[in-house]
file query_38.pdb (PDB, C-alpha atoms)
ATOM      1  CA  MET A  88      17.771 -19.119  -3.071
ATOM      2  CA  ALA A  89      16.146 -22.520  -3.385
ATOM      3  CA  ILE A  90      13.397 -23.480  -0.965
ATOM      4  CA  PRO A  91      13.729 -26.908   0.678
ATOM      5  CA  LYS A  92      11.470 -29.382  -1.061
ATOM      6  CA  SER A  93       9.381 -29.970   2.035
ATOM      7  CA  ALA A  94       8.512 -26.270   2.140
ATOM      8  CA  LYS A  95       6.818 -26.114  -1.238
ATOM      9  CA  GLN A  96       3.065 -25.544  -1.251
ATOM     10  CA  GLY A  97       1.100 -28.743  -1.652
ATOM     11  CA  GLU A  98       3.906 -31.121  -0.663
ATOM     12  CA  THR A  99       3.989 -33.057   2.580
ATOM     13  CA  ASP A 100       6.992 -33.770   4.741
ATOM     14  CA  GLN A 101       7.377 -37.559   4.850
ATOM     15  CA  ARG A 102       9.058 -37.541   8.237
ATOM     16  CA  GLY A 103       5.626 -37.440   9.862
ATOM     17  CA  PRO A 104       5.002 -34.800  12.530
ATOM     18  CA  THR A 105       3.667 -35.776  15.912
ATOM     19  CA  ASP A 106       0.482 -34.125  17.171
ATOM     20  CA  GLN A 107      -1.220 -30.858  18.097
ATOM     21  CA  LYS A 108       0.325 -30.704  21.572
ATOM     22  CA  ARG A 109       3.782 -30.278  20.108
ATOM     23  CA  TYR A 110       2.697 -27.014  18.520
ATOM     24  CA  SER A 111       1.028 -25.501  21.564
ATOM     25  CA  VAL A 112       2.878 -22.615  23.183
ATOM     26  CA  ASN A 113       3.922 -21.334  26.559
ATOM     27  CA  GLY A 114       4.273 -17.681  27.434
ATOM     28  CA  ASP A 115       2.342 -14.605  26.393
ATOM     29  CA  PRO A 116       0.719 -14.526  22.943
ATOM     30  CA  VAL A 117       0.803 -11.397  20.789
ATOM     31  CA  GLN A 118      -2.567  -9.651  20.972
ATOM     32  CA  HIS A 119      -1.858  -6.334  19.253
ATOM     33  CA  ILE A 120      -1.959  -6.842  15.508
ATOM     34  CA  ALA A 121      -2.120  -4.722  12.361
ATOM     35  CA  PHE A 122      -2.938  -6.647   9.187
ATOM     36  CA  ILE A 123      -2.816  -4.882   5.828
ATOM     37  CA  LYS A 124      -5.770  -6.463   4.050
ATOM     38  CA  VAL A 125      -4.539  -6.361   0.457
ATOM     39  CA  HIS A 126      -7.292  -6.766  -2.119
ATOM     40  CA  LYS A 127      -7.587 -10.136  -3.888
ATOM     41  CA  ALA A 128      -4.640 -11.771  -2.115
ATOM     42  CA  ALA A 129      -6.285 -14.298   0.239
ATOM     43  CA  SER A 130      -6.649 -11.458   2.717
ATOM     44  CA  THR A 131     -10.212 -12.362   3.706
ATOM     45  CA  THR A 132      -9.007 -15.856   4.576
ATOM     46  CA  VAL A 133      -6.237 -14.445   6.772
ATOM     47  CA  GLN A 134      -8.508 -11.753   8.215
ATOM     48  CA  ASN A 135     -10.827 -14.474   9.466
ATOM     49  CA  ILE A 136      -7.993 -15.976  11.511
ATOM     50  CA  PHE A 137      -7.760 -12.682  13.400
ATOM     51  CA  LEU A 138     -11.537 -12.322  13.689
ATOM     52  CA  ARG A 139     -11.864 -15.763  15.236
ATOM     53  CA  TYR A 140      -8.974 -15.281  17.631
ATOM     54  CA  GLY A 141     -10.091 -11.824  18.713
ATOM     55  CA  TYR A 142     -13.664 -12.952  19.235
ATOM     56  CA  GLN A 143     -12.582 -15.918  21.362
ATOM     57  CA  HIS A 144     -10.260 -13.732  23.483
ATOM     58  CA  ASP A 145     -12.495 -10.655  23.885
ATOM     59  CA  LEU A 146     -10.162  -8.355  21.968
ATOM     60  CA  VAL A 147     -11.115  -4.981  20.514
ATOM     61  CA  PHE A 148     -11.248  -4.545  16.743
ATOM     62  CA  ALA A 149     -11.072  -1.347  14.755
ATOM     63  CA  LEU A 150     -14.428  -1.373  12.950
ATOM     64  CA  PRO A 151     -15.618   1.065  10.276
ATOM     65  CA  ALA A 152     -17.856   3.891  11.428
ATOM     66  CA  GLY A 153     -19.360   4.215   7.946
ATOM     67  CA  LYS A 154     -21.730   2.016   5.965
ATOM     68  CA  ASP A 155     -19.029  -0.046   4.262
ATOM     69  CA  PRO A 156     -18.138  -2.974   6.584
ATOM     70  CA  ALA A 157     -15.128  -3.933   4.468
ATOM     71  CA  GLY A 158     -12.852  -1.007   5.236
ATOM     72  CA  VAL A 159     -12.153   2.676   5.702
ATOM     73  CA  THR A 160     -10.600   5.414   3.589
ATOM     74  CA  ALA A 161      -8.163   6.291   6.383
ATOM     75  CA  PHE A 162      -7.210   4.825   9.747
ATOM     76  CA  THR A 163      -8.191   7.792  11.901
ATOM     77  CA  LYS A 164     -10.486   8.233  14.913
ATOM     78  CA  ASN A 165     -13.343   9.720  12.929
ATOM     79  CA  LYS A 166     -13.396   6.714  10.584
ATOM     80  CA  ILE A 167     -13.511   4.089  13.350
ATOM     81  CA  ARG A 168     -16.361   3.165  15.672
ATOM     82  CA  THR A 169     -16.185   4.426  19.240
ATOM     83  CA  LEU A 170     -14.197   2.030  21.386
ATOM     84  CA  PRO A 171     -15.439   0.431  24.611
ATOM     85  CA  GLU A 172     -14.617   2.478  27.687
ATOM     86  CA  ASN A 173     -11.018   2.150  28.912
ATOM     87  CA  ARG A 174     -10.080  -0.080  25.977
ATOM     88  CA  THR A 175      -7.655   0.406  23.103
ATOM     89  CA  ILE A 176      -7.589  -1.188  19.661
ATOM     90  CA  ASP A 177      -6.090  -4.668  19.760
ATOM     91  CA  ILE A 178      -6.551  -5.753  16.141
ATOM     92  CA  PHE A 179      -6.825  -3.852  12.866
ATOM     93  CA  CYS A 180      -7.665  -6.125   9.920
ATOM     94  CA  ILE A 181      -9.952  -4.273   7.490
ATOM     95  CA  HIS A 182      -9.224  -2.614   4.152
ATOM     96  CA  VAL A 183      -7.326   0.672   4.247
ATOM     97  CA  ARG A 184      -4.414   2.283   2.447
ATOM     98  CA  TYR A 185      -1.416   1.875   4.764
ATOM     99  CA  ASN A 186      -0.045   5.013   6.344
ATOM    100  CA  LYS A 187       2.720   4.612   8.913
ATOM    101  CA  HIS A 188       1.861   7.797  10.802
ATOM    102  CA  ASP A 189      -1.831   6.913  11.160
ATOM    103  CA  PHE A 190      -1.143   3.354  12.283
ATOM    104  CA  SER A 191       1.430   4.472  14.838
ATOM    105  CA  ALA A 192      -1.002   7.028  16.246
ATOM    106  CA  MET A 193      -3.909   4.586  16.535
ATOM    107  CA  LEU A 194      -2.250   1.363  17.714
ATOM    108  CA  PRO A 195      -0.162   0.314  20.730
ATOM    109  CA  SER A 196       3.607   0.553  20.336
ATOM    110  CA  ASP A 197       4.039  -3.230  20.616
ATOM    111  CA  THR A 198       1.729  -3.967  17.668
ATOM    112  CA  LEU A 199       2.891  -6.718  15.292
ATOM    113  CA  TYR A 200       2.602  -5.618  11.647
ATOM    114  CA  ILE A 201       1.596  -8.219   9.061
ATOM    115  CA  GLY A 202       1.046  -7.872   5.321
ATOM    116  CA  ILE A 203       0.324 -10.192   2.403
ATOM    117  CA  VAL A 204       1.201 -10.205  -1.307
ATOM    118  CA  ARG A 205       0.284 -12.333  -4.314
ATOM    119  CA  GLU A 206       1.881 -12.967  -7.712
ATOM    120  CA  PRO A 207       0.899  -9.718  -9.497
ATOM    121  CA  PHE A 208      -0.662 -11.103 -12.675
ATOM    122  CA  ARG A 209      -2.772 -13.585 -10.688
ATOM    123  CA  GLN A 210      -3.846 -10.768  -8.369
ATOM    124  CA  PHE A 211      -4.749  -8.683 -11.433
ATOM    125  CA  GLN A 212      -6.863 -11.514 -12.842
ATOM    126  CA  SER A 213      -8.844 -11.883  -9.644
ATOM    127  CA  ASN A 214      -9.218  -8.134  -9.264
ATOM    128  CA  ILE A 215     -10.433  -7.477 -12.774
ATOM    129  CA  GLN A 216     -12.925 -10.350 -12.600
ATOM    130  CA  PHE A 217     -14.395  -8.840  -9.460
ATOM    131  CA  LEU A 218     -14.410  -5.252 -10.709
ATOM    132  CA  ARG A 219     -15.988  -6.085 -14.057
ATOM    133  CA  HIS A 220     -18.686  -8.103 -12.359
ATOM    134  CA  LYS A 221     -19.444  -5.072 -10.166
ATOM    135  CA  ARG A 222     -19.300  -2.818 -13.266
ATOM    136  CA  TRP A 223     -16.748  -0.612 -11.528
ATOM    137  CA  ILE A 224     -14.363  -0.469 -14.484
ATOM    138  CA  ASN A 225     -15.003   0.419 -18.100
ATOM    139  CA  ILE A 226     -13.646  -2.652 -19.855
ATOM    140  CA  PRO A 227     -14.524  -3.333 -23.522
ATOM    141  CA  CYS A 228     -17.146  -5.928 -24.417
ATOM    142  CA  ASN A 229     -15.584  -7.419 -27.515
ATOM    143  CA  LYS A 230     -12.888  -9.877 -28.558
ATOM    144  CA  LEU A 231      -9.849  -9.940 -26.237
ATOM    145  CA  PRO A 232     -11.194  -7.278 -23.827
ATOM    146  CA  VAL A 233      -8.303  -7.648 -21.359
ATOM    147  CA  SER A 234      -5.706  -7.082 -24.047
ATOM    148  CA  GLN A 235      -7.562  -4.006 -25.293
ATOM    149  CA  TYR A 236      -7.980  -2.726 -21.734
ATOM    150  CA  LEU A 237      -4.251  -3.001 -21.072
ATOM    151  CA  SER A 238      -3.230  -1.624 -24.469
ATOM    152  CA  ARG A 239      -5.137   1.614 -23.870
ATOM    153  CA  ASN A 240      -5.230   1.666 -20.089
ATOM    154  CA  GLU A 241      -5.136   5.424 -19.771
ATOM    155  CA  LYS A 242      -8.701   5.496 -21.171
ATOM    156  CA  TYR A 243     -10.009   3.701 -18.132
ATOM    157  CA  VAL A 244      -8.361   5.484 -15.205
ATOM    158  CA  LYS A 245     -10.179   8.755 -15.773
ATOM    159  CA  ILE A 246     -13.640   9.632 -14.484
ATOM    160  CA  ASN A 247     -15.352  12.732 -15.831
ATOM    161  CA  GLY A 248     -12.016  13.849 -17.238
ATOM    162  CA  ARG A 249     -10.259  13.675 -13.860
ATOM    163  CA  VAL A 250      -7.300  11.365 -13.425
ATOM    164  CA  ARG A 251      -7.504   9.070 -10.419
ATOM    165  CA  LEU A 252      -5.232   6.452  -8.932
ATOM    166  CA  PRO A 253      -5.448   3.008 -10.562
ATOM    167  CA  VAL A 254      -7.836   0.457  -9.110
ATOM    168  CA  VAL A 255      -6.559  -2.506 -11.119
ATOM    169  CA  TYR A 256      -2.818  -2.247 -11.792
ATOM    170  CA  ASN A 257      -0.368  -1.717  -8.915
ATOM    171  CA  ALA A 258      -3.303  -2.315  -6.576
ATOM    172  CA  MET A 259      -1.147  -4.067  -3.957
ATOM    173  CA  SER A 260       1.294  -1.165  -3.907
ATOM    174  CA  TYR A 261      -1.613   1.196  -3.394
ATOM    175  CA  ASP A 262      -2.751  -0.820  -0.368
ATOM    176  CA  PHE A 263       0.802  -0.735   1.008
ATOM    177  CA  GLY A 264       0.801   3.047   0.786
ATOM    178  CA  PHE A 265       3.397   3.682  -1.932
ATOM    179  CA  PRO A 266       3.827   7.421  -2.631
ATOM    180  CA  VAL A 267       1.345   8.664  -5.215
ATOM    181  CA  GLU A 268       4.021  10.074  -7.524
ATOM    182  CA  LEU A 269       5.508   6.607  -8.058
ATOM    183  CA  PHE A 270       2.317   5.495  -9.804
ATOM    184  CA  TRP A 271       2.902   7.979 -12.601
ATOM    185  CA  LYS A 272       6.681   8.057 -13.017
ATOM    186  CA  SER A 273       9.525   5.561 -12.705
ATOM    187  CA  ASP A 274      11.953   6.284  -9.893
ATOM    188  CA  TYR A 275      13.919   3.158  -9.005
ATOM    189  CA  ASN A 276      15.741   4.685  -6.042
ATOM    190  CA  ALA A 277      12.538   6.050  -4.466
ATOM    191  CA  MET A 278      10.832   2.706  -5.002
ATOM    192  CA  GLN A 279      13.688   0.807  -3.335
ATOM    193  CA  ASP A 280      13.772   3.258  -0.445
ATOM    194  CA  TYR A 281      10.080   2.701   0.199
ATOM    195  CA  LEU A 282      10.466  -1.094   0.018
ATOM    196  CA  LEU A 283      13.305  -0.984   2.525
ATOM    197  CA  GLY A 284      11.142   1.145   4.782
ATOM    198  CA  LEU A 285       8.297  -1.401   4.583
ATOM    199  CA  ASN A 286      10.751  -4.145   5.433
ATOM    200  CA  GLU A 287      11.629  -2.298   8.629
ATOM    201  CA  GLU A 288       8.022  -1.519   9.533
ATOM    202  CA  PHE A 289       6.500  -4.959   8.910
ATOM    203  CA  ASP A 290       7.326  -7.960  11.061
ATOM    204  CA  ILE A 291       6.204 -10.428   8.400
ATOM    205  CA  VAL A 292       4.703 -10.271   4.914
ATOM    206  CA  LEU A 293       2.828 -13.419   3.939
ATOM    207  CA  ILE A 294       3.124 -14.869   0.422
ATOM    208  CA  MET A 295      -0.141 -16.225  -0.967
ATOM    209  CA  GLU A 296       1.629 -18.816  -3.115
ATOM    210  CA  TYR A 297       3.232 -20.195   0.063
ATOM    211  CA  LEU A 298       0.319 -19.570   2.382
ATOM    212  CA  ASP A 299       0.736 -22.572   4.672
ATOM    213  CA  GLU A 300       4.411 -21.810   5.242
ATOM    214  CA  SER A 301       3.565 -18.139   5.749
ATOM    215  CA  ILE A 302       0.842 -18.909   8.282
ATOM    216  CA  VAL A 303       3.152 -21.159  10.304
ATOM    217  CA  LEU A 304       5.786 -18.412  10.321
ATOM    218  CA  MET A 305       3.123 -15.977  11.444
ATOM    219  CA  ARG A 306       1.999 -18.359  14.190
ATOM    220  CA  ARG A 307       5.530 -18.446  15.558
ATOM    221  CA  HIS A 308       5.729 -14.656  15.514
ATOM    222  CA  LEU A 309       2.387 -14.420  17.305
ATOM    223  CA  ASN A 310       3.208 -17.197  19.784
ATOM    224  CA  TRP A 311      -0.279 -18.647  19.221
ATOM    225  CA  ASP A 312      -1.425 -22.228  19.555
ATOM    226  CA  LEU A 313      -1.631 -23.888  16.142
ATOM    227  CA  LYS A 314      -5.388 -24.395  16.458
ATOM    228  CA  TYR A 315      -5.969 -20.642  16.151
ATOM    229  CA  VAL A 316      -4.431 -20.289  12.678
ATOM    230  CA  LEU A 317      -6.254 -23.111  10.897
ATOM    231  CA  TYR A 318      -8.111 -21.690   7.920
ATOM    232  CA  GLY A 319     -10.460 -22.424   5.054
ATOM    233  CA  LYS A 320     -10.425 -20.440   1.829
ATOM    234  CA  LEU A 321     -12.956 -17.610   1.874
ATOM    235  CA  ASN A 322     -14.226 -15.196  -0.777
ATOM    236  CA  ALA A 323     -12.620 -17.224  -3.597
ATOM    237  CA  LEU A 324     -13.721 -16.647  -7.202
ATOM    238  CA  LYS A 325     -16.348 -19.256  -8.102
ATOM    239  CA  ASN A 326     -17.723 -18.210 -11.494
ATOM    240  CA  PRO A 327     -15.025 -16.517 -13.633
ATOM    241  CA  ASP A 328     -16.070 -14.438 -16.627
ATOM    242  CA  LYS A 329     -15.164 -16.614 -19.620
ATOM    243  CA  GLU A 330     -14.953 -13.573 -21.915
ATOM    244  CA  LEU A 331     -11.862 -12.388 -20.059
ATOM    245  CA  VAL A 332      -8.765 -13.975 -21.599
ATOM    246  CA  PHE A 333      -5.538 -13.960 -19.548
ATOM    247  CA  GLY A 334      -2.608 -15.272 -21.574
ATOM    248  CA  PRO A 335       1.106 -14.552 -22.168
ATOM    249  CA  ASP A 336       0.362 -11.452 -24.253
ATOM    250  CA  GLU A 337      -1.859  -9.981 -21.560
ATOM    251  CA  GLU A 338       0.719 -10.805 -18.898
ATOM    252  CA  LYS A 339       3.462  -9.012 -20.831
ATOM    253  CA  LEU A 340       1.251  -5.944 -21.214
ATOM    254  CA  TYR A 341       0.416  -6.015 -17.524
ATOM    255  CA  GLN A 342       4.067  -6.164 -16.527
ATOM    256  CA  ASN A 343       4.563  -2.807 -18.235
ATOM    257  CA  TRP A 344       1.800  -1.246 -16.137
ATOM    258  CA  ALA A 345       2.494  -2.879 -12.791
ATOM    259  CA  LYS A 346       6.176  -2.304 -12.118
ATOM    260  CA  LEU A 347       5.502  -1.330  -8.501
ATOM    261  CA  ASP A 348       3.544  -4.485  -7.751
ATOM    262  CA  TYR A 349       6.193  -6.704  -9.323
ATOM    263  CA  ALA A 350       8.914  -4.988  -7.307
ATOM    264  CA  LEU A 351       6.832  -5.320  -4.121
ATOM    265  CA  TYR A 352       6.056  -8.984  -4.700
ATOM    266  CA  TYR A 353       9.546 -10.145  -5.611
ATOM    267  CA  PHE A 354      11.120  -8.132  -2.811
ATOM    268  CA  PHE A 355       9.065  -9.919  -0.152
ATOM    269  CA  LEU A 356       9.172 -13.259  -1.977
ATOM    270  CA  GLN A 357      12.965 -13.126  -1.684
ATOM    271  CA  LYS A 358      12.675 -12.268   2.011
ATOM    272  CA  HIS A 359      10.355 -15.257   2.429
ATOM    273  CA  LYS A 360      12.807 -17.592   0.696
ATOM    274  CA  GLU A 361      15.621 -16.368   2.900
ATOM    275  CA  ARG A 362      13.526 -17.094   5.969
ATOM    276  CA  MET A 363      12.746 -20.570   4.673
ATOM    277  CA  GLN A 364      16.462 -21.285   4.368
ATOM    278  CA  ASN A 365      17.001 -20.307   8.000
ATOM    279  CA  GLN A 366      14.210 -22.353   9.579
ATOM    280  CA  PRO A 367      15.000 -25.285  11.886
ATOM    281  CA  PRO A 368      13.900 -28.796  10.786
ATOM    282  CA  ASP A 369      10.878 -28.767  13.078
ATOM    283  CA  PHE A 370       9.447 -25.858  11.068
ATOM    284  CA  PHE A 371       8.858 -28.046   8.021
ATOM    285  CA  GLU A 372       7.435 -30.797  10.213
ATOM    286  CA  GLU A 373       4.989 -28.247  11.587
ATOM    287  CA  VAL A 374       4.035 -27.075   8.077
ATOM    288  CA  ALA A 375       3.273 -30.675   7.087
ATOM    289  CA  TYR A 376       1.189 -31.273  10.216
ATOM    290  CA  PHE A 377      -0.588 -27.944   9.784
ATOM    291  CA  ARG A 378      -1.459 -28.660   6.142
ATOM    292  CA  LYS A 379      -2.781 -32.130   6.929
ATOM    293  CA  THR A 380      -4.854 -30.856   9.857
ATOM    294  CA  ARG A 381      -6.208 -27.917   7.862
ATOM    295  CA  ILE A 382      -7.321 -30.105   4.955
ATOM    296  CA  ASN A 383      -9.008 -32.589   7.286
ATOM    297  CA  LEU A 384     -10.804 -29.796   9.145
ATOM    298  CA  VAL A 385     -12.089 -28.266   5.907
ATOM    299  CA  LYS A 386     -13.477 -31.643   4.835
ATOM    300  CA  LYS A 387     -15.263 -32.066   8.162
ATOM    301  CA  THR A 388     -16.745 -28.573   8.245
ATOM    302  CA  GLN A 389     -18.015 -28.892   4.660
ATOM    303  CA  GLU A 390     -20.211 -31.717   5.879
ATOM    304  CA  ASN A 391     -21.996 -29.370   8.282
ATOM    305  CA  THR A 392     -24.556 -26.641   7.627
ATOM    306  CA  TYR A 393     -22.529 -24.100   9.586
ATOM    307  CA  MET A 394     -18.803 -23.745   9.102
ATOM    308  CA  SER A 395     -18.572 -22.697  12.735
ATOM    309  CA  ARG A 396     -19.867 -26.026  14.079
ATOM    310  CA  SER A 397     -16.346 -27.403  14.671
ATOM    311  CA  PRO A 398     -14.528 -26.682  17.976
ATOM    312  CA  TYR A 399     -12.183 -24.265  16.157
ATOM    313  CA  PRO A 400     -14.410 -22.642  13.512
ATOM    314  CA  ILE A 401     -12.991 -21.805  10.100
ATOM    315  CA  ALA A 402     -15.390 -18.960   9.389
ATOM    316  CA  ILE A 403     -17.007 -16.326  11.538
ATOM    317  CA  LYS A 404     -20.189 -14.935  10.030
ATOM    318  CA  LEU A 405     -20.436 -11.152  10.094
ATOM    319  CA  GLY A 406     -23.707  -9.318   9.672
ATOM    320  CA  GLY A 407     -24.283  -6.183   7.618
ATOM    321  CA  ASN A 408     -23.399  -4.058  10.633
ATOM    322  CA  TYR A 409     -20.156  -6.004  11.110
ATOM    323  CA  GLU A 410     -21.433  -7.493  14.371
ATOM    324  CA  GLN A 411     -20.480 -11.011  15.409
ATOM    325  CA  LYS A 412     -23.272 -13.557  14.913
ATOM    326  CA  LYS A 413     -23.539 -16.273  17.529
ATOM    327  CA  ASP A 414     -22.950 -19.888  16.608
ATOM    328  CA  PRO A 415     -26.400 -21.521  16.793
ATOM    329  CA  HIS A 416     -24.749 -24.766  17.855
ATOM    330  CA  LYS A 417     -22.925 -23.198  20.796
ATOM    331  CA  ASP A 418     -24.475 -23.232  24.235
ATOM    332  CA  SER A 419     -25.405 -19.769  25.477
TER     333      SER A 419
END

call {"tool": "encode", "arguments": {"input": "query_38.pdb", "output": "structure tokens"}}
result
Amino acid sequence: MAIPKSAKQGETDQRGPTDQKRYSVNGDPVQHIAFIKVHKAASTTVQNIFLRYGYQHDLVFALPAGKDPAGVTAFTKNKIRTLPENRTIDIFCIHVRYNKHDFSAMLPSDTLYIGIVREPFRQFQSNIQFLRHKRWINIPCNKLPVSQYLSRNEKYVKINGRVRLPVVYNAMSYDFGFPVELFWKSDYNAMQDYLLGLNEEFDIVLIMEYLDESIVLMRRHLNWDLKYVLYGKLNALKNPDKELVFGPDEEKLYQNWAKLDYALYYFFLQKHKERMQNQPPDFFEEVAYFRKTRINLVKKTQENTYMSRSPYPIAIKLGGNYEQKKDPHKDS
């Protein structure tokens, strides 16, 4: 289905939206949220929306009990820091492999489930740049290393002779909890069954390529004031490795390895397009206003030493122990 022109990323509705007050809300906002923080899919940017909102509203986050502040290996009590007395988890927004049973056991029954996906080859590019920089994957250091890596991929998913799950291809499907057996064998029916299950379990899955539209949809689901979902891009790749070549040949090779991720992405992209078709006219006005406001806010905050100097900060700074750092410009 075609998306209305005004909904496309980067374009502005010429009808001219009104002002912030129009996009304020009445009624109770959603304050129980589970966000599947998919690697290399703008998930840090979206996570920061939840961090800011939760911090401003004294909500309880699920924070890792271990040394890694980025995530946990499983969403269980022993992996999460002890909660404040007589409080439950309000927001989960760190890295973990999704497991329906664990999430249901740890979160309130009225929790809103949110995910995010990115075009698979672009997600692969970002992922492999990061992993090679960290020296976490054994990628060749010669001409066309990406092509060679993908041509003989089985060489690089074994450690000490033991096969492990992939960290580069089908990475989004891994984060969404696809059954392990589907990573090693093709089973179209099982794959479709799992996708349909995700569609039932998740209230909305954001699309990185249509992030502004996705965020506005999310805002309406959350019943939040527009000011709370303004964002600036965080954790974006700044210095790509020029030795890594990503062209049509590499993309074709990757498609053969990442069938789960392509199925996942296009399934939820189609759902997104269907939602776009069913939105009222004021939705696209809101997207245009949101985009204009977001861009202006980013420009203003870039002029300041601290991103959090604006009334509605774009970035919350987290220390090594994942504790909130106070804004030095805010009165105590």

call {"tool": "atom_distance", "arguments": {"input": "query_38.pdb", "atom1": "CA of Ile167 (chain A)", "atom2": "CA of Gly141 (chain A)"}}
result
17.1 Å

call {"tool": "closest_residue", "arguments": {"input": "query_38.pdb", "among": "A:Thr198, A:Thr175, A:Met278, A:Glu300", "to": "Gln366 (chain A)", "atoms": "all atoms listed in the file"}}
result
A:Glu300

call {"tool": "atom_distance", "arguments": {"input": "query_38.pdb", "atom1": "CA of Tyr261 (chain A)", "atom2": "CA of Leu347 (chain A)"}}
result
9.1 Å

call {"tool": "resolve_selection", "arguments": {"input": "query_38.pdb", "expression": "the PyMOL selection byres ((chain A and resi 179-181) around 8)", "output": "list in words"}}
result
Ile120, Ala121, Phe122, Ile123, Lys124, Gln134, Phe137, Phe148, Ala149, Leu150, Ala157, Gly158, Val159, Ile176, Asp177, Ile178, His182 and Val183 of chain A

call {"tool": "resolve_selection", "arguments": {"input": "query_38.pdb", "expression": "the PyMOL selection byres ((chain A and resi 187) around 12)", "output": "JSON list (two decimals) with C-alpha atoms, keeping the file's coordinate frame"}}
result
[["chain", "number", "residue", "atom", "x", "y", "z"],
["A", 121, "ALA", "CA", -2.12, -4.72, 12.36],
["A", 123, "ILE", "CA", -2.82, -4.88, 5.83],
["A", 161, "ALA", "CA", -8.16, 6.29, 6.38],
["A", 162, "PHE", "CA", -7.21, 4.82, 9.75],
["A", 163, "THR", "CA", -8.19, 7.79, 11.90],
["A", 183, "VAL", "CA", -7.33, 0.67, 4.25],
["A", 184, "ARG", "CA", -4.41, 2.28, 2.45],
["A", 185, "TYR", "CA", -1.42, 1.88, 4.76],
["A", 186, "ASN", "CA", -0.04, 5.01, 6.34],
["A", 188, "HIS", "CA", 1.86, 7.80, 10.80],
["A", 189, "ASP", "CA", -1.83, 6.91, 11.16],
["A", 190, "PHE", "CA", -1.14, 3.35, 12.28],
["A", 191, "SER", "CA", 1.43, 4.47, 14.84],
["A", 192, "ALA", "CA", -1.00, 7.03, 16.25],
["A", 193, "MET", "CA", -3.91, 4.59, 16.54],
["A", 194, "LEU", "CA", -2.25, 1.36, 17.71],
["A", 200, "TYR", "CA", 2.60, -5.62, 11.65],
["A", 263, "PHE", "CA", 0.80, -0.74, 1.01],
["A", 264, "GLY", "CA", 0.80, 3.05, 0.79],
["A", 265, "PHE", "CA", 3.40, 3.68, -1.93],
["A", 266, "PRO", "CA", 3.83, 7.42, -2.63],
["A", 281, "TYR", "CA", 10.08, 2.70, 0.20],
["A", 284, "GLY", "CA", 11.14, 1.14, 4.78],
["A", 285, "LEU", "CA", 8.30, -1.40, 4.58],
["A", 287, "GLU", "CA", 11.63, -2.30, 8.63],
["A", 288, "GLU", "CA", 8.02, -1.52, 9.53],
["A", 289, "PHE", "CA", 6.50, -4.96, 8.91]]

call {"tool": "atom_distance", "arguments": {"input": "query_38.pdb", "atom1": "CA of Pro116 (chain A)", "atom2": "CA of Leu146 (chain A)"}}
result
12.5 Å

call {"tool": "closest_residue", "arguments": {"input": "query_38.pdb", "among": "A:Arg139, A:Arg168, A:Gln216, A:Arg378", "to": "Ala152 (chain A)", "atoms": "all atoms listed in the file"}}
result
A:Arg168

call {"tool": "residues_around", "arguments": {"input": "query_38.pdb", "residues": "Ile291 (chain A)", "least_positions_apart": "4", "cutoff": "8 Å", "atoms": "all atoms listed in the file", "output": "list in words"}}
result
Tyr200, Ile201, Gly202 and Met305 of chain A

call {"tool": "closest_residue", "arguments": {"input": "query_38.pdb", "among": "A:Pro171, A:Pro151, A:Pro367, A:Pro232", "to": "Lys329 (chain A)", "atoms": "only C-alpha atoms"}}
result
A:Pro232

call {"tool": "decode", "arguments": {"input": "query_38.pdb", "residues": "region 368-375 of chain A", "atoms": "N, CA, C and O atoms", "output": "PDB file, in the first residue's frame"}}
result
ATOM      1  N   PRO A 368      -6.522  12.935   9.034  1.00  0.00           N
ATOM      2  CA  PRO A 368      -5.679  14.013   8.486  1.00  0.00           C
ATOM      3  C   PRO A 368      -4.825  14.710   9.537  1.00  0.00           C
ATOM      4  O   PRO A 368      -3.693  15.110   9.245  1.00  0.00           O
ATOM      5  N   ASP A 369      -5.337  14.843  10.756  1.00  0.00           N
ATOM      6  CA  ASP A 369      -4.559  15.565  11.761  1.00  0.00           C
ATOM      7  C   ASP A 369      -3.294  14.815  12.161  1.00  0.00           C
ATOM      8  O   ASP A 369      -2.366  15.402  12.727  1.00  0.00           O
ATOM      9  N   PHE A 370      -3.218  13.518  11.857  1.00  0.00           N
ATOM     10  CA  PHE A 370      -2.001  12.764  12.154  1.00  0.00           C
ATOM     11  C   PHE A 370      -0.827  13.325  11.365  1.00  0.00           C
ATOM     12  O   PHE A 370       0.267  13.546  11.906  1.00  0.00           O
ATOM     13  N   PHE A 371      -1.018  13.558  10.078  1.00  0.00           N
ATOM     14  CA  PHE A 371       0.071  14.032   9.235  1.00  0.00           C
ATOM     15  C   PHE A 371       0.419  15.491   9.546  1.00  0.00           C
ATOM     16  O   PHE A 371       1.570  15.908   9.398  1.00  0.00           O
ATOM     17  N   GLU A 372      -0.559  16.258  10.009  1.00  0.00           N
ATOM     18  CA  GLU A 372      -0.267  17.599  10.483  1.00  0.00           C
ATOM     19  C   GLU A 372       0.632  17.528  11.721  1.00  0.00           C
ATOM     20  O   GLU A 372       1.569  18.315  11.880  1.00  0.00           O
ATOM     21  N   GLU A 373       0.314  16.580  12.599  1.00  0.00           N
ATOM     22  CA  GLU A 373       1.121  16.420  13.808  1.00  0.00           C
ATOM     23  C   GLU A 373       2.531  15.976  13.467  1.00  0.00           C
ATOM     24  O   GLU A 373       3.505  16.451  14.075  1.00  0.00           O
ATOM     25  N   VAL A 374       2.689  15.060  12.514  1.00  0.00           N
ATOM     26  CA  VAL A 374       4.025  14.612  12.106  1.00  0.00           C
ATOM     27  C   VAL A 374       4.843  15.799  11.605  1.00  0.00           C
ATOM     28  O   VAL A 374       6.023  15.955  11.952  1.00  0.00           O
ATOM     29  N   ALA A 375       4.220  16.660  10.792  1.00  0.00           N
ATOM     30  CA  ALA A 375       4.930  17.817  10.255  1.00  0.00           C
ATOM     31  C   ALA A 375       5.343  18.767  11.375  1.00  0.00           C
ATOM     32  O   ALA A 375       6.476  19.278  11.390  1.00  0.00           O
TER      33      ALA A 375
END
